[in-house]
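Asker: Provided below: work-v9.cif, containing mmCIF, N, CA and C atoms.
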```
data_coords
loop_
_atom_site.label_atom_id
_atom_site.label_comp_id
_atom_site.auth_asym_id
_atom_site.auth_seq_id
_atom_site.Cartn_x
_atom_site.Cartn_y
_atom_site.Cartn_z
N MET H 13 4.13 24.05 -64.77
CA MET H 13 3.49 24.17 -63.47
C MET H 13 2.69 22.92 -63.15
N ARG H 14 2.07 22.31 -64.19
CA ARG H 14 1.27 21.11 -63.94
C ARG H 14 2.15 19.99 -63.41
N THR H 15 3.34 19.85 -63.95
CA THR H 15 4.23 18.81 -63.47
C THR H 15 4.59 19.06 -62.01
N GLY H 16 4.80 20.30 -61.64
CA GLY H 16 5.12 20.63 -60.25
C GLY H 16 3.99 20.26 -59.32
N ILE H 17 2.75 20.58 -59.67
CA ILE H 17 1.59 20.26 -58.83
C ILE H 17 1.41 18.75 -58.77
N ALA H 18 1.54 18.08 -59.91
CA ALA H 18 1.40 16.62 -59.94
C ALA H 18 2.46 15.96 -59.07
N GLY H 19 3.67 16.53 -59.09
CA GLY H 19 4.74 15.98 -58.26
C GLY H 19 4.44 16.14 -56.78
N VAL H 20 3.90 17.30 -56.41
CA VAL H 20 3.54 17.54 -55.01
C VAL H 20 2.44 16.59 -54.57
N VAL H 21 1.41 16.42 -55.42
CA VAL H 21 0.31 15.52 -55.10
C VAL H 21 0.82 14.09 -54.99
N ALA H 22 1.64 13.66 -55.94
CA ALA H 22 2.18 12.30 -55.91
C ALA H 22 3.06 12.11 -54.68
N GLY H 23 3.88 13.10 -54.38
CA GLY H 23 4.76 13.01 -53.21
C GLY H 23 3.96 12.94 -51.92
N GLY H 24 2.89 13.74 -51.82
CA GLY H 24 2.02 13.71 -50.64
C GLY H 24 1.34 12.36 -50.49
N ALA H 25 0.87 11.81 -51.61
CA ALA H 25 0.22 10.50 -51.57
C ALA H 25 1.22 9.42 -51.15
N LEU H 26 2.45 9.50 -51.65
CA LEU H 26 3.47 8.53 -51.28
C LEU H 26 3.80 8.65 -49.79
N GLY H 27 3.89 9.89 -49.29
CA GLY H 27 4.15 10.10 -47.87
C GLY H 27 3.03 9.52 -47.01
N LEU H 28 1.79 9.74 -47.44
CA LEU H 28 0.64 9.19 -46.73
C LEU H 28 0.69 7.67 -46.72
N PHE H 29 1.08 7.08 -47.85
CA PHE H 29 1.19 5.61 -47.94
C PHE H 29 2.19 5.09 -46.91
N PHE H 30 3.39 5.70 -46.88
CA PHE H 30 4.41 5.22 -45.95
C PHE H 30 4.02 5.48 -44.49
N ALA H 31 3.32 6.57 -44.24
CA ALA H 31 2.91 6.88 -42.87
C ALA H 31 1.86 5.90 -42.36
N THR H 32 1.06 5.32 -43.26
CA THR H 32 0.00 4.42 -42.82
C THR H 32 0.31 2.96 -43.12
N SER H 33 1.46 2.69 -43.70
CA SER H 33 1.80 1.30 -44.03
C SER H 33 2.64 0.67 -42.93
N GLY H 34 3.26 -0.44 -43.22
CA GLY H 34 4.07 -1.18 -42.27
C GLY H 34 5.31 -0.45 -41.81
N PHE H 35 5.56 0.74 -42.28
CA PHE H 35 6.74 1.49 -41.88
C PHE H 35 6.50 2.33 -40.64
N ALA H 36 5.31 2.27 -40.07
CA ALA H 36 5.00 3.02 -38.86
C ALA H 36 5.75 2.39 -37.69
N ALA H 37 5.87 3.13 -36.59
CA ALA H 37 6.56 2.62 -35.41
C ALA H 37 5.83 1.38 -34.89
N PRO H 38 6.59 0.38 -34.44
CA PRO H 38 5.95 -0.83 -33.92
C PRO H 38 5.23 -0.53 -32.62
N PRO H 39 4.17 -1.31 -32.32
CA PRO H 39 3.45 -1.10 -31.06
C PRO H 39 4.36 -1.46 -29.88
N ALA H 40 4.05 -0.90 -28.72
CA ALA H 40 4.83 -1.19 -27.52
C ALA H 40 4.74 -2.68 -27.20
N ALA H 41 5.84 -3.23 -26.74
CA ALA H 41 5.89 -4.66 -26.43
C ALA H 41 5.17 -4.94 -25.12
N ARG H 42 4.20 -5.83 -25.17
CA ARG H 42 3.46 -6.23 -23.97
C ARG H 42 4.26 -7.31 -23.25
N LEU H 43 4.40 -7.17 -21.94
CA LEU H 43 5.10 -8.17 -21.14
C LEU H 43 4.20 -9.39 -20.94
N SER H 44 4.79 -10.55 -21.00
CA SER H 44 4.06 -11.78 -20.72
C SER H 44 3.85 -11.87 -19.22
N PRO H 45 2.87 -12.66 -18.78
CA PRO H 45 2.68 -12.83 -17.33
C PRO H 45 3.96 -13.28 -16.62
N SER H 46 4.72 -14.19 -17.23
CA SER H 46 5.95 -14.65 -16.57
C SER H 46 6.99 -13.54 -16.50
N ASP H 47 7.04 -12.66 -17.50
CA ASP H 47 7.96 -11.52 -17.45
C ASP H 47 7.54 -10.52 -16.38
N ILE H 48 6.24 -10.31 -16.22
CA ILE H 48 5.73 -9.42 -15.17
C ILE H 48 6.16 -9.97 -13.81
N GLN H 49 5.98 -11.27 -13.62
CA GLN H 49 6.33 -11.89 -12.34
C GLN H 49 7.82 -11.76 -12.07
N ALA H 50 8.64 -12.07 -13.05
CA ALA H 50 10.09 -12.02 -12.85
C ALA H 50 10.59 -10.59 -12.62
N THR H 51 9.99 -9.62 -13.28
CA THR H 51 10.46 -8.24 -13.19
C THR H 51 9.93 -7.51 -11.96
N PHE H 52 8.68 -7.75 -11.58
CA PHE H 52 8.04 -6.96 -10.54
C PHE H 52 7.55 -7.74 -9.32
N PHE H 53 7.15 -8.97 -9.50
CA PHE H 53 6.50 -9.71 -8.41
C PHE H 53 7.49 -10.62 -7.70
N ASN H 54 8.60 -10.03 -7.28
CA ASN H 54 9.71 -10.78 -6.68
C ASN H 54 10.09 -10.27 -5.30
N GLY H 55 9.24 -9.43 -4.70
CA GLY H 55 9.53 -8.90 -3.37
C GLY H 55 10.36 -7.63 -3.35
N GLN H 56 10.85 -7.18 -4.51
CA GLN H 56 11.64 -5.95 -4.57
C GLN H 56 10.73 -4.76 -4.86
N ALA H 57 10.89 -3.69 -4.10
CA ALA H 57 10.06 -2.51 -4.25
C ALA H 57 10.38 -1.77 -5.56
N PHE H 58 9.35 -1.15 -6.11
CA PHE H 58 9.51 -0.28 -7.29
C PHE H 58 8.52 0.87 -7.14
N THR H 59 8.62 1.85 -8.02
CA THR H 59 7.77 3.03 -7.94
C THR H 59 6.64 2.95 -8.95
N ALA H 60 5.44 3.30 -8.51
CA ALA H 60 4.28 3.41 -9.39
C ALA H 60 3.79 4.85 -9.32
N ALA H 61 3.47 5.42 -10.48
CA ALA H 61 2.94 6.79 -10.54
C ALA H 61 1.64 6.77 -11.33
N THR H 62 0.63 7.45 -10.80
CA THR H 62 -0.65 7.57 -11.50
C THR H 62 -0.52 8.65 -12.57
N PRO H 63 -1.47 8.72 -13.51
CA PRO H 63 -1.43 9.80 -14.51
C PRO H 63 -1.44 11.19 -13.89
N SER H 64 -1.97 11.34 -12.66
CA SER H 64 -1.96 12.64 -11.99
C SER H 64 -0.71 12.80 -11.10
N ASN H 65 0.25 11.89 -11.27
CA ASN H 65 1.57 11.93 -10.62
C ASN H 65 1.53 11.68 -9.11
N VAL H 66 0.55 10.93 -8.62
CA VAL H 66 0.57 10.44 -7.25
C VAL H 66 1.47 9.20 -7.28
N LYS H 67 2.47 9.15 -6.40
CA LYS H 67 3.46 8.08 -6.44
C LYS H 67 3.37 7.17 -5.22
N PHE H 68 3.68 5.90 -5.47
CA PHE H 68 3.66 4.88 -4.42
C PHE H 68 4.90 4.01 -4.54
N LYS H 69 5.36 3.50 -3.40
CA LYS H 69 6.35 2.42 -3.39
C LYS H 69 5.53 1.14 -3.36
N MET H 70 5.68 0.31 -4.38
CA MET H 70 4.91 -0.92 -4.51
C MET H 70 5.81 -2.12 -4.24
N THR H 71 5.26 -3.10 -3.54
CA THR H 71 5.97 -4.35 -3.32
C THR H 71 5.00 -5.50 -3.55
N PHE H 72 5.33 -6.36 -4.50
CA PHE H 72 4.56 -7.56 -4.81
C PHE H 72 5.43 -8.75 -4.41
N ALA H 73 5.02 -9.48 -3.39
CA ALA H 73 5.79 -10.62 -2.90
C ALA H 73 5.46 -11.87 -3.73
N ALA H 74 6.40 -12.79 -3.75
CA ALA H 74 6.22 -14.02 -4.51
C ALA H 74 5.05 -14.87 -4.00
N ASP H 75 4.64 -14.65 -2.75
CA ASP H 75 3.54 -15.45 -2.17
C ASP H 75 2.15 -14.94 -2.57
N GLY H 76 2.07 -13.92 -3.45
CA GLY H 76 0.79 -13.42 -3.90
C GLY H 76 0.25 -12.24 -3.10
N LYS H 77 1.05 -11.72 -2.16
CA LYS H 77 0.62 -10.55 -1.39
C LYS H 77 1.28 -9.30 -1.96
N MET H 78 0.60 -8.16 -1.78
CA MET H 78 1.15 -6.90 -2.27
C MET H 78 0.82 -5.79 -1.30
N LYS H 79 1.63 -4.73 -1.37
CA LYS H 79 1.34 -3.54 -0.56
C LYS H 79 1.82 -2.31 -1.31
N ARG H 80 1.20 -1.18 -0.97
CA ARG H 80 1.63 0.10 -1.53
C ARG H 80 1.77 1.08 -0.37
N VAL H 81 2.80 1.90 -0.46
CA VAL H 81 3.07 2.93 0.53
C VAL H 81 3.20 4.23 -0.24
N PRO H 82 2.42 5.25 0.13
CA PRO H 82 2.48 6.51 -0.62
C PRO H 82 3.83 7.20 -0.47
N ILE H 83 4.24 7.83 -1.54
CA ILE H 83 5.41 8.70 -1.53
C ILE H 83 4.82 10.10 -1.60
N GLY H 84 4.57 10.70 -0.45
CA GLY H 84 3.84 11.97 -0.41
C GLY H 84 2.38 11.69 -0.11
N THR H 85 1.48 12.18 -0.97
CA THR H 85 0.05 11.98 -0.75
C THR H 85 -0.38 10.60 -1.22
N GLY H 86 -1.56 10.17 -0.79
CA GLY H 86 -2.08 8.86 -1.19
C GLY H 86 -2.38 8.01 0.03
N HIS H 87 -2.89 6.82 -0.22
CA HIS H 87 -3.29 5.93 0.86
C HIS H 87 -2.52 4.62 0.79
N ARG H 88 -2.15 4.12 1.96
CA ARG H 88 -1.53 2.79 2.03
C ARG H 88 -2.55 1.75 1.59
N GLY H 89 -2.06 0.63 1.14
CA GLY H 89 -2.96 -0.44 0.77
C GLY H 89 -2.28 -1.79 0.83
N GLU H 90 -3.09 -2.83 1.02
CA GLU H 90 -2.62 -4.22 1.00
C GLU H 90 -3.63 -5.04 0.23
N GLY H 91 -3.15 -6.10 -0.37
CA GLY H 91 -4.04 -6.97 -1.11
C GLY H 91 -3.31 -8.18 -1.64
N THR H 92 -3.87 -8.77 -2.67
CA THR H 92 -3.30 -9.95 -3.29
C THR H 92 -3.21 -9.76 -4.80
N TRP H 93 -2.32 -10.52 -5.41
CA TRP H 93 -2.17 -10.50 -6.86
C TRP H 93 -2.13 -11.93 -7.38
N LYS H 94 -2.45 -12.08 -8.66
CA LYS H 94 -2.27 -13.36 -9.35
C LYS H 94 -2.04 -13.07 -10.83
N LEU H 95 -1.37 -13.99 -11.49
CA LEU H 95 -1.16 -13.85 -12.93
C LEU H 95 -2.44 -14.22 -13.66
N SER H 96 -2.66 -13.61 -14.81
CA SER H 96 -3.80 -13.95 -15.66
C SER H 96 -3.27 -14.38 -17.02
N LYS H 97 -4.15 -14.69 -17.92
CA LYS H 97 -3.75 -15.13 -19.27
C LYS H 97 -2.95 -14.05 -20.00
N ASP H 98 -3.33 -12.79 -19.83
CA ASP H 98 -2.69 -11.68 -20.56
C ASP H 98 -1.81 -10.79 -19.71
N GLY H 99 -1.83 -10.94 -18.39
CA GLY H 99 -1.08 -10.05 -17.52
C GLY H 99 -1.21 -10.45 -16.07
N PHE H 100 -1.89 -9.61 -15.29
CA PHE H 100 -2.07 -9.92 -13.87
C PHE H 100 -3.36 -9.28 -13.36
N CYS H 101 -3.81 -9.78 -12.20
CA CYS H 101 -4.99 -9.24 -11.54
C CYS H 101 -4.64 -8.92 -10.10
N THR H 102 -5.27 -7.86 -9.57
CA THR H 102 -5.07 -7.49 -8.18
C THR H 102 -6.41 -7.38 -7.47
N THR H 103 -6.38 -7.64 -6.17
CA THR H 103 -7.54 -7.41 -5.33
C THR H 103 -7.04 -6.69 -4.08
N TRP H 104 -7.32 -5.39 -3.98
CA TRP H 104 -6.97 -4.62 -2.80
C TRP H 104 -8.03 -4.88 -1.73
N LYS H 105 -7.64 -4.85 -0.46
CA LYS H 105 -8.60 -5.06 0.63
C LYS H 105 -9.76 -4.10 0.48
N GLY H 106 -10.98 -4.64 0.53
CA GLY H 106 -12.18 -3.83 0.41
C GLY H 106 -12.58 -3.50 -1.02
N ALA H 107 -11.89 -4.07 -2.01
CA ALA H 107 -12.21 -3.78 -3.41
C ALA H 107 -12.36 -5.08 -4.19
N LYS H 108 -12.96 -4.98 -5.37
CA LYS H 108 -13.10 -6.17 -6.22
C LYS H 108 -11.86 -6.33 -7.09
N GLU H 109 -11.72 -7.51 -7.67
CA GLU H 109 -10.58 -7.82 -8.51
C GLU H 109 -10.58 -6.97 -9.78
N ASN H 110 -9.38 -6.52 -10.19
CA ASN H 110 -9.16 -5.83 -11.46
C ASN H 110 -7.97 -6.46 -12.16
N CYS H 111 -8.05 -6.56 -13.48
CA CYS H 111 -6.98 -7.19 -14.25
C CYS H 111 -6.35 -6.18 -15.21
N PHE H 112 -5.04 -6.37 -15.46
CA PHE H 112 -4.25 -5.40 -16.20
C PHE H 112 -3.26 -6.08 -17.13
N THR H 113 -2.76 -5.30 -18.08
CA THR H 113 -1.62 -5.70 -18.90
C THR H 113 -0.51 -4.68 -18.65
N VAL H 114 0.72 -5.04 -19.01
CA VAL H 114 1.88 -4.17 -18.82
C VAL H 114 2.63 -4.10 -20.15
N VAL H 115 2.95 -2.87 -20.58
CA VAL H 115 3.71 -2.68 -21.81
C VAL H 115 4.94 -1.83 -21.53
N ALA H 116 6.01 -2.11 -22.27
CA ALA H 116 7.24 -1.32 -22.14
C ALA H 116 6.95 0.11 -22.55
N ALA H 117 7.53 1.08 -21.81
CA ALA H 117 7.27 2.50 -22.08
C ALA H 117 8.57 3.31 -22.06
N GLY H 118 9.70 2.68 -22.31
CA GLY H 118 10.98 3.38 -22.29
C GLY H 118 11.95 2.66 -21.39
N ASP H 119 13.12 3.28 -21.20
CA ASP H 119 14.14 2.69 -20.35
C ASP H 119 13.66 2.61 -18.90
N ASN H 120 13.56 1.39 -18.40
CA ASN H 120 13.14 1.13 -17.01
C ASN H 120 11.79 1.74 -16.67
N LYS H 121 10.89 1.83 -17.66
CA LYS H 121 9.52 2.32 -17.44
C LYS H 121 8.55 1.40 -18.15
N TRP H 122 7.41 1.17 -17.49
CA TRP H 122 6.36 0.32 -18.04
C TRP H 122 5.01 0.96 -17.76
N SER H 123 4.09 0.84 -18.70
CA SER H 123 2.73 1.35 -18.52
C SER H 123 1.83 0.19 -18.11
N VAL H 124 0.98 0.44 -17.13
CA VAL H 124 0.00 -0.54 -16.66
C VAL H 124 -1.34 -0.11 -17.23
N LEU H 125 -1.97 -1.01 -18.00
CA LEU H 125 -3.20 -0.68 -18.69
C LEU H 125 -4.37 -1.55 -18.25
N LYS H 126 -5.54 -0.94 -18.21
CA LYS H 126 -6.80 -1.67 -18.08
C LYS H 126 -7.51 -1.39 -19.40
N GLY H 127 -7.59 -2.41 -20.24
CA GLY H 127 -8.05 -2.19 -21.61
C GLY H 127 -7.00 -1.35 -22.32
N SER H 128 -7.40 -0.22 -22.89
CA SER H 128 -6.45 0.66 -23.58
C SER H 128 -6.10 1.90 -22.75
N THR H 129 -6.57 1.95 -21.50
CA THR H 129 -6.34 3.11 -20.64
C THR H 129 -5.13 2.89 -19.74
N ILE H 130 -4.19 3.83 -19.76
CA ILE H 130 -3.03 3.76 -18.88
C ILE H 130 -3.45 4.23 -17.49
N LEU H 131 -3.27 3.34 -16.50
CA LEU H 131 -3.64 3.66 -15.13
C LEU H 131 -2.43 4.02 -14.27
N ALA H 132 -1.24 3.57 -14.68
CA ALA H 132 -0.05 3.85 -13.90
C ALA H 132 1.19 3.65 -14.76
N THR H 133 2.28 4.25 -14.31
CA THR H 133 3.58 4.00 -14.90
C THR H 133 4.47 3.43 -13.80
N TRP H 134 5.06 2.28 -14.06
CA TRP H 134 5.96 1.64 -13.10
C TRP H 134 7.39 1.93 -13.54
N SER H 135 8.25 2.17 -12.56
CA SER H 135 9.67 2.41 -12.89
C SER H 135 10.55 1.74 -11.84
N LYS H 136 11.77 1.44 -12.28
CA LYS H 136 12.77 0.81 -11.41
C LYS H 136 14.06 1.59 -11.51
#
```
Re-express the file's structure as structure tokens.
Answerer:
Amino acid sequence: MRTGIAGVVAGGALGLFFATSGFAAPPAARLSPSDIQATFFNGQAFTAATPSNVKFKMTFAADGKMKRVPIGTGHRGEGTWKLSKDGFCTTWKGAKENCFTVVAAGDNKWSVLKGSTILATWSK
């Protein structure tokens, strides 16, 4: 019986080692500013959804202007965008500048983060 318990303990410890070592799933790939620009800031509309599932048609033009049109509920908006060192920044009319990063979140889906908080999911 002691060998059985020792085996279970050793097996559990080994499982814990592999679960916390380099064998864990890799972190989501963060898009570079140039990848964000090429994928999204080219004048082609895409969909943005908030965590509460409010959806917008977003268009970021190459000239640094952007607009959002609600799909259902929500408010229209216009503003400007620019690339930053780690991602991009936006300034909506009547609001201050906010900066974000974008990470891959599946097939044709990307998460938009401010710090470690997901503020939107973009899809094409």
Asker: Take atom CA of Lys121 of chain H and atom CA of Thr71 of chain H and report the distance between them in Å, one decimal.
Answerer: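 Taking atom CA of Lys121 of chain H and atom CA of Thr71 of chain H, their separation equals 16.0 Å.
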Asker: Using all atoms listed in the file, which residues sit within 6.5 Å of Phe68 of chain H once same-chain residues fewer than 3 positions away are excluded, as a VMD selection string?
Answerer: chain H and resid 58 to 62 80 to 83
Asker: Quick one, how far is atom CA of Glu90 of chain H from atom CA of Gly55 of chain H?
Answerer: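 Between atom CA of Glu90 of chain H and atom CA of Gly55 of chain H the gap works out to 13.7 Å.
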Asker: For Arg42 of chain H, which residue out of H:Val115, H:Asn120, H:Ser135, H:Lys105 is the nearest one, using only C-alpha atoms?
Answerer: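 So, comparing all the options, the nearest one is H:Val115.
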Asker: May I ask which of the residues H:Met70, H:Leu43, H:Met78, H:Cys101 is the closest one to Trp122 of chain H, counting only C-alpha atoms?
Answerer: H:Leu43
Asker: When you look at Phe53 of chain H with a cut-off of 8 Å (counting all atoms listed in the file), what residues show up, excluding the ones that are within fewer than 5 positions of it in the same chain? I need them as a VMD selection string.
Answerer: chain H and resid 47 to 48 71 to 76
